[in-house]
Structure formats: C-alpha cells, structure tokens
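Engineer: Please find one structure pasted underneath; my questions will follow.
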Amino acid sequence: MQHRIIVLGAGYTGASAAGRLARRLHRDDVTITLVNADPDFVERVRLHELAVGRQLRPRPFSEMFRGTGVQLRLADVTRVDADRKTVTVTGPGTRGAMEELEYDTLVYALGSGWNDQGVPGATEHAHEIAGRAGALRLRERLAALDAGQPVVVVGGGLTGVEAASEIAEARPDLAVSLAARGGLGDWLSGKGREHLRKVFAGLGVTVHEHATVTGVEPGRVTLADGRAVPAAVTVWTTGFAVHPIAAATTLEVTGTGQIVVDRTMRSVSHPDVYAVGDAAMAMGPGDKPLRMSCASGTPAAWQAADAIAARLTGGKLPDLPIRYFNQCVSLGRREGLIQYVTADDRAVDAALTGRLAAVYKELVCKGAAWGVAHPTLGLPVRRRVVRAVREEAAARTAPAVRTSTPA
C-alpha cells in the first residue's frame with residue numbers, strides 16, 4: 001500500500017513542497033495529491049501589477065506537474081480532521097458534494113488572505129490584493145476612475161508601498177495617497193527611507209504618516225485624529241490573516257490560527273502534519289517568528305519536504321536554519337529598493353536602489369515563479385524508497401514458513 005501524502009494549497013509553498021517531494025520519493029511508494037481551488041498558479045507577489053492592468057503569464061498546474069507523479073485535485077478544502085487523518089473537500093470533481101480524502105502525511109499550506117483588522121467598513125468598502133479575485137476587482141474599479149479622483153492605500157508595509165507606487169506610476173492622472181500607521185518606511189535603513197521618499201515624491205504620492213484608519217466609507221476613510229481623507233477607491237493592505245480551517249482542528253495553533261511547528265515544519269501536536277508558509281508559526285534566528293513572506297515560506301517548504309522524505313526513507317533530517325538576506329521592494333516598473341537585512345530581518349545600512357534594484361527584484365520574482373513552474377528541475381532528482389512500504393510489500397509476497405511440532 002502506498003504512503004498517501006496530501007498537500008493543501010498550491011501557492012509558492014504548497015507547490016514547492018509537492019514538487020520537491022516528487023523529486024525525493026519513489027513513485028511506486030507514495031501518492032502525492034495537491035489540492036487547490038484554482039487550476040493556475042497565482043504569482044501573489046505580482047498582484048499589484050495585475051491590479052493596474054498588466055497581464056500575468058498563465059501557469060496552469062496541469063502543465064507544471066505533468067509527468068512528475070503529482071496528482072492535482074481541484075477542490076476547496078472545507079475541513080481537516082487531524083485525529084482521523086482526513087481532509088474534507090468539495091469542488092468540480094465532487095459535483096458539489098462533500099468528499100473525504102485520507103492521508104498518512106499532510107502538508108498544510110493554505111496560506112492567508114487579507115485582514116480587515118476589524119475596522120468598520122473595511123470589508124464592505126475597501127479593495128484587497130491578497131488574492132487574484134481581489135486584484136481583478138480592483139483593476140476594474142481603477143479603470144473606471146476619471147482623472148483626478150483620489151485613491152487611498154491603507155497600510156505602510158511592503159504590500160502598501162508597492163501598491164501605492166504601482167498605481168501612481170500606471171495612473172499618474174489619479175491622486176494617490178498612502179496612510180501608514182507609523183513613519184514611511186520606518187523598517188528600512190536611513191538610505192532606504194530616503195530613497196522611498198524620493199520615489200514617492202517623484203510619483204506624486206501623498207503620505208499620511210502616523211495615521212491610523214478607524215473607518216472606511218464610500219468616498220472617504222476616517223483617521224484616528226478625526227480627519228477624513230477623500231477616497232474614490234480604498235485599497236486595504238494592513239497585513240494578512242491565515243485561513244481559518246486550522247483553528248477549527250485539534251492541531252496546536254497560535255492565537256492567530258497559525259499551526260505551531262518545530263524546526264522541520266512538523267506540527268508539535270500531530271507528527272503526521274507539516275505546515276509551511278503563512279499557515280505556520282515557525283521560529284527563525286534570534287527566536288523570532290518568521291514573518292509571512294515568500295522569502296521564508298519557500299525555504300520552509302523545502303525544509304518540510306526534505307524532512308518528510310528523510311523520515312520516510314531513513315535519511316538524515318535537514319537542519320538548515322531559515323534566515324533572511326534582504327527585502328525586495330518594487331516601486332513601479334522603473335524603480336526598486338533592495339534593503340539588506342540581518343539573519344533575523346533587521347535592516348542594515350546597505351541598500352541597493354534605483355533601476356538596478358528594480359531589475360534585481362524582477363529577477364527574484366521570475367526565479368520564484370520558475371522554481372514553482374519547474375518542480376522537478378533545478379536540483380538533482382534523488383528518489384528514495386519508503387522503507388515501511390517496501391517492507392510491507394516484501395512481507396505480503398514472502399513465502400509462508402512452515403513449522404512442525406516434534407514427535
């Protein structure tokens with residue numbers, strides 16, 4: 001009987017984990033099922049580009065995983081029973097009915113969506129770009145705006161900075177502003193902050209610093225100090241919230257619903273479950289939680305896949321620390337910022353700026369997508385046998401041993 005591996009979610013981390021497992025384990029010994037609601041891979045780091053009208057290259061999973069042995073299952077995950085080791089799904093293949101899938105090993109990579117932070121009116125009146133559907137809705141809304149209309153991006157983190165600069169560059173006729181809870185780019189080095197301010201000034205982006213948004217209405221956002229900022233369109237980028245399914249299980253999770261894992265991305269409460277990407281609470285250098293990002297999520301997916309393969313085949317467990325090197329920020333199509341950081345993600349003085357930084361960021365995005373789209377290329381294919389599966393098969397085919405009782 002083959003060992004059944006189910007991977008939930010085919011974003012950067014889930015798709016990477018499935019492809020790496022296909023490289024590491026012998027097809028006769030395992031089945032690898034990748035469950036995802038959409039038939040195409042979504043380049044989440046480019047959704048701000050999609051929102052302003054740029055077309056992204058289609059990457060259908062049917063082509064990406066052809067010949068790898070990974071079985072794609074198009075379905076929505078509705079429940080995980082970590083004690084019974086089952087996943088409940090519904091989708092095109094189930095004709096709307098619920099279906100249970102059994103697993104021996106589960107890789108949970110359902111990721112995250114946008115987080116309205118409980119702000120009144122945000123869900124009803126703001127746009128999000130945490131998923132393709134949201135980015136497409138925002139694209140349609142931006143295209144309908146007349147010149148001079150105001151667009152407010154709420155959130156001063158990486159997503160907000162990239163969204164504001166992208167919209168301002170693509171639509172210089174709009175009045176784009178950014179509302180940041182802290183100072184603009186306060187996580188950057190002095191050089192990084194200076195460059196960010198210079199680019200925003202050149203693009204005509206107005207910045208509201210130390211401005212907490214307390215309400216969103218049609219036509220405006222309200223700040224904590226009582227000011228109202230006009231907004232024909234509000235774009236919400238104040239962070240991510242993990243998929244709620246894990247919190248409804250018996251898995252040990254944090255208060256935010258992330259699955260608590262060890263250094264190999266294995267659940268601390270259920271050893272047959274691994275969590276990667278935004279869904280996992282993993283500790284990085286300095287005993288700091290890894291932030292939700294592709295920079296930490298993809299190495300975590302590799303770590304989990306290699307750990308699963310090692311445990312199934314009797315190999316050596318991976319023990320490579322997941323660390324940071326830089327933060328890559330696109331500021332439109334012509335400008336960029338590469339902020340170099342310490343292993344635990346603190347900015348250092350060094351930063352790359354300008355056109356060269358934009359090219360660097362583009363290469364990083366292309367490299368990440370290429371790695372997902374070519375799951376069995378890049379690293380050597382070293383498929384190892386699963387010992388338990390081979391031993392069980394050998395036991396089933398071994399001739400019976402006759403015993404006799406002495407007279």
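Chain labels follow the order of the structure tokens: the first chain is A, the next B, and so on; residue numbering restarts at 1 in every chain, and ligands are counted from 1 in their shown order.
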Counting only C-alpha atoms, which residues of region 146-194 of chain A sit at most 8 Å from some atom of region 33-51 of chain A, and what is each one's closest atom pair with its distance in Å to one decimal, listed by chain and rising residue number, as CSV?

Structural biologist:
residue,atom,partner,partner_atom,distance
A:Glu162,CA,A:His48,CA,7.1
A:Ala163,CA,A:His48,CA,5.4
A:Glu166,CA,A:His48,CA,6.8

Engineer: Mind dumping the selected residues with C-alpha atoms as an mmCIF file, in the first residue's frame?

Structural biologist:
data_model
loop_
_atom_site.group_PDB
_atom_site.id
_atom_site.type_symbol
_atom_site.label_atom_id
_atom_site.label_comp_id
_atom_site.auth_asym_id
_atom_site.auth_seq_id
_atom_site.Cartn_x
_atom_site.Cartn_y
_atom_site.Cartn_z
ATOM 1 C CA GLU A 162 4.352 48.515 -3.725
ATOM 2 C CA ALA A 163 0.647 49.059 -4.416
ATOM 3 C CA GLU A 166 2.420 50.875 -8.891
#

Engineer: Excluding same-chain residues fewer than 6 positions from region 248-251 of chain A, what lies within 10 Å of it counting only C-alpha atoms, as an MDAnalysis selection string?

Structural biologist: chainID A and resid 79:83 257:260 267:270 273

Engineer: Print the selection's residues with C-alpha atoms to a file, as a PDB file, in the first residue's frame.

Structural biologist:
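This is the output file result-v4.pdb:
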ATOM      1  CA  ARG A  79     -12.392  20.645   6.958  1.00  0.00           C
ATOM      2  CA  VAL A  80      -9.337  18.906   8.337  1.00  0.00           C
ATOM      3  CA  ASP A  81      -9.702  16.163  10.949  1.00  0.00           C
ATOM      4  CA  ALA A  82      -6.187  15.792  12.313  1.00  0.00           C
ATOM      5  CA  ASP A  83      -7.157  12.927  14.616  1.00  0.00           C
ATOM      6  CA  GLY A 257      -4.592  30.463  13.902  1.00  0.00           C
ATOM      7  CA  GLN A 258      -1.104  29.518  12.732  1.00  0.00           C
ATOM      8  CA  ILE A 259      -0.016  25.906  13.265  1.00  0.00           C
ATOM      9  CA  VAL A 260       2.845  25.623  15.759  1.00  0.00           C
ATOM     10  CA  SER A 267       3.310  20.071  13.920  1.00  0.00           C
ATOM     11  CA  VAL A 268       4.239  19.882  17.610  1.00  0.00           C
ATOM     12  CA  SER A 269       0.900  18.211  18.385  1.00  0.00           C
ATOM     13  CA  HIS A 270       0.356  15.918  15.369  1.00  0.00           C
ATOM     14  CA  VAL A 273       1.100  17.036   9.841  1.00  0.00           C
TER      15      VAL A 273
END

Engineer: Quick check for you: according to DSSP on this backbone, which residues of region 79-325 of chain A are classed as alpha helix (DSSP H)? Reply as a ChimeraX atom specification.

Structural biologist: /A:122-125,132-143,158-170,190-203,294-313

Engineer: I need the chosen residues saved as a PDB file, in the first residue's frame, with C-alpha atoms.

Structural biologist:
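Contents of the output file part_21.pdb:
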ATOM      1  CA  ALA A 122     -13.229  47.896   5.515  1.00  0.00           C
ATOM      2  CA  THR A 123     -14.822  44.649   4.366  1.00  0.00           C
ATOM      3  CA  GLU A 124     -17.730  46.427   2.683  1.00  0.00           C
ATOM      4  CA  HIS A 125     -15.955  49.357   1.043  1.00  0.00           C
ATOM      5  CA  ARG A 132      -6.263  37.210  -7.725  1.00  0.00           C
ATOM      6  CA  ALA A 133     -10.026  37.779  -7.500  1.00  0.00           C
ATOM      7  CA  GLY A 134      -9.495  40.880  -5.369  1.00  0.00           C
ATOM      8  CA  ALA A 135      -6.802  42.230  -7.680  1.00  0.00           C
ATOM      9  CA  LEU A 136      -9.087  41.787 -10.686  1.00  0.00           C
ATOM     10  CA  ARG A 137     -11.932  43.621  -8.939  1.00  0.00           C
ATOM     11  CA  LEU A 138      -9.567  46.467  -8.103  1.00  0.00           C
ATOM     12  CA  ARG A 139      -8.353  46.573 -11.712  1.00  0.00           C
ATOM     13  CA  GLU A 140     -11.911  47.008 -12.933  1.00  0.00           C
ATOM     14  CA  ARG A 141     -12.589  49.746 -10.388  1.00  0.00           C
ATOM     15  CA  LEU A 142      -9.397  51.676 -11.145  1.00  0.00           C
ATOM     16  CA  ALA A 143     -10.079  51.517 -14.866  1.00  0.00           C
ATOM     17  CA  LEU A 158       5.755  46.166   1.770  1.00  0.00           C
ATOM     18  CA  THR A 159       2.406  45.489   0.083  1.00  0.00           C
ATOM     19  CA  GLY A 160       1.121  49.001   0.658  1.00  0.00           C
ATOM     20  CA  VAL A 161       4.301  50.662  -0.591  1.00  0.00           C
ATOM     21  CA  GLU A 162       4.352  48.515  -3.725  1.00  0.00           C
ATOM     22  CA  ALA A 163       0.647  49.059  -4.416  1.00  0.00           C
ATOM     23  CA  ALA A 164       0.809  52.841  -3.990  1.00  0.00           C
ATOM     24  CA  SER A 165       3.838  53.239  -6.254  1.00  0.00           C
ATOM     25  CA  GLU A 166       2.420  50.875  -8.891  1.00  0.00           C
ATOM     26  CA  ILE A 167      -0.920  52.689  -9.064  1.00  0.00           C
ATOM     27  CA  ALA A 168       0.715  56.116  -9.111  1.00  0.00           C
ATOM     28  CA  GLU A 169       3.054  55.134 -11.938  1.00  0.00           C
ATOM     29  CA  ALA A 170       0.379  53.422 -14.033  1.00  0.00           C
ATOM     30  CA  GLY A 190      18.267  55.598   6.502  1.00  0.00           C
ATOM     31  CA  LYS A 191      19.306  55.146   2.883  1.00  0.00           C
ATOM     32  CA  GLY A 192      16.245  53.031   2.178  1.00  0.00           C
ATOM     33  CA  ARG A 193      13.845  55.566   3.718  1.00  0.00           C
ATOM     34  CA  GLU A 194      15.459  58.423   1.824  1.00  0.00           C
ATOM     35  CA  HIS A 195      15.091  56.596  -1.489  1.00  0.00           C
ATOM     36  CA  LEU A 196      11.481  55.638  -0.772  1.00  0.00           C
ATOM     37  CA  ARG A 197      10.567  59.251  -0.025  1.00  0.00           C
ATOM     38  CA  LYS A 198      12.322  60.403  -3.182  1.00  0.00           C
ATOM     39  CA  VAL A 199      10.436  57.919  -5.365  1.00  0.00           C
ATOM     40  CA  PHE A 200       7.086  58.722  -3.750  1.00  0.00           C
ATOM     41  CA  ALA A 201       7.681  62.442  -4.253  1.00  0.00           C
ATOM     42  CA  GLY A 202       8.522  61.842  -7.915  1.00  0.00           C
ATOM     43  CA  LEU A 203       5.351  59.798  -8.390  1.00  0.00           C
ATOM     44  CA  CYS A 294       7.835  34.258   0.193  1.00  0.00           C
ATOM     45  CA  ALA A 295      11.382  34.799   1.484  1.00  0.00           C
ATOM     46  CA  SER A 296      10.798  32.491   4.453  1.00  0.00           C
ATOM     47  CA  GLY A 297       7.897  30.413   3.121  1.00  0.00           C
ATOM     48  CA  THR A 298       9.720  28.790   0.217  1.00  0.00           C
ATOM     49  CA  PRO A 299      12.741  27.633   2.282  1.00  0.00           C
ATOM     50  CA  ALA A 300      10.270  26.325   4.868  1.00  0.00           C
ATOM     51  CA  ALA A 301       8.555  24.276   2.146  1.00  0.00           C
ATOM     52  CA  TRP A 302      11.909  22.778   1.121  1.00  0.00           C
ATOM     53  CA  GLN A 303      12.675  22.023   4.773  1.00  0.00           C
ATOM     54  CA  ALA A 304       9.342  20.259   5.268  1.00  0.00           C
ATOM     55  CA  ALA A 305       9.640  18.192   2.063  1.00  0.00           C
ATOM     56  CA  ASP A 306      13.174  17.096   2.895  1.00  0.00           C
ATOM     57  CA  ALA A 307      12.158  16.220   6.467  1.00  0.00           C
ATOM     58  CA  ILE A 308       9.216  14.132   5.261  1.00  0.00           C
ATOM     59  CA  ALA A 309      11.449  12.305   2.794  1.00  0.00           C
ATOM     60  CA  ALA A 310      14.109  11.723   5.445  1.00  0.00           C
ATOM     61  CA  ARG A 311      11.666  10.307   7.972  1.00  0.00           C
ATOM     62  CA  LEU A 312      10.052   8.014   5.413  1.00  0.00           C
ATOM     63  CA  THR A 313      13.299   6.714   3.949  1.00  0.00           C
TER      64      THR A 313
END

Engineer: Using DSSP on the backbone coordinates, identify all residues within region 230-334 of chain A classified as strand (DSSP E); present the result as a list of chain:residue names.

Structural biologist: A:Pro230, A:Ala231, A:Val233, A:Thr234, A:Val235, A:Trp236, A:Phe240, A:Ala241, A:Val242, A:Ile259, A:Val260, A:Val273, A:Tyr274, A:Ala275, A:Ala280, A:Met281, A:Asn326, A:Gln327, A:Cys328, A:Val329, A:Ser330, A:Leu331

Engineer: Restrict the selected residues to C-alpha atoms and save them as a compact mmCIF listing (two decimals), in the first residue's frame.

Structural biologist:
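After the write, selection19.txt holds the following:
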# COMPACT_ATOMS: atom_id res chain seq x y z
CA PRO A 230 -11.24 61.53 0.33
CA ALA A 231 -11.11 58.13 -1.35
CA VAL A 233 -11.14 53.85 -4.05
CA THR A 234 -9.64 52.47 -0.85
CA VAL A 235 -7.00 49.72 -1.12
CA TRP A 236 -6.51 47.73 2.11
CA PHE A 240 -2.68 39.04 6.35
CA ALA A 241 -4.97 36.65 8.22
CA VAL A 242 -4.42 32.89 7.95
CA ILE A 259 -0.02 25.91 13.26
CA VAL A 260 2.84 25.62 15.76
CA VAL A 273 1.10 17.04 9.84
CA TYR A 274 3.52 19.63 8.47
CA ALA A 275 2.70 23.31 7.98
CA ALA A 280 2.90 28.02 10.13
CA MET A 281 4.28 29.56 13.29
CA ASN A 326 17.22 41.15 2.03
CA GLN A 327 13.81 42.69 1.48
CA CYS A 328 12.97 43.29 -2.18
CA VAL A 329 10.59 46.17 -2.91
CA SER A 330 9.28 47.16 -6.33
CA LEU A 331 8.45 50.85 -6.68

Engineer: What does the distance from CA of Ser189 (chain A) to CA of Ala350 (chain A) come to in Å, to one decimal?

Structural biologist: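 Going from CA of Ser189 (chain A) over to CA of Ala350 (chain A) covers 7.7 Å.
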
Engineer: Need the shell around region 214-228 of chain A: protein/DNA/RNA residues with any atom at most 6 Å away, counting only C-alpha atoms. Skip same-chain ones fewer than 6 positions apart. Format as a PyMOL selection string?

Structural biologist: chain A and resi 119-122
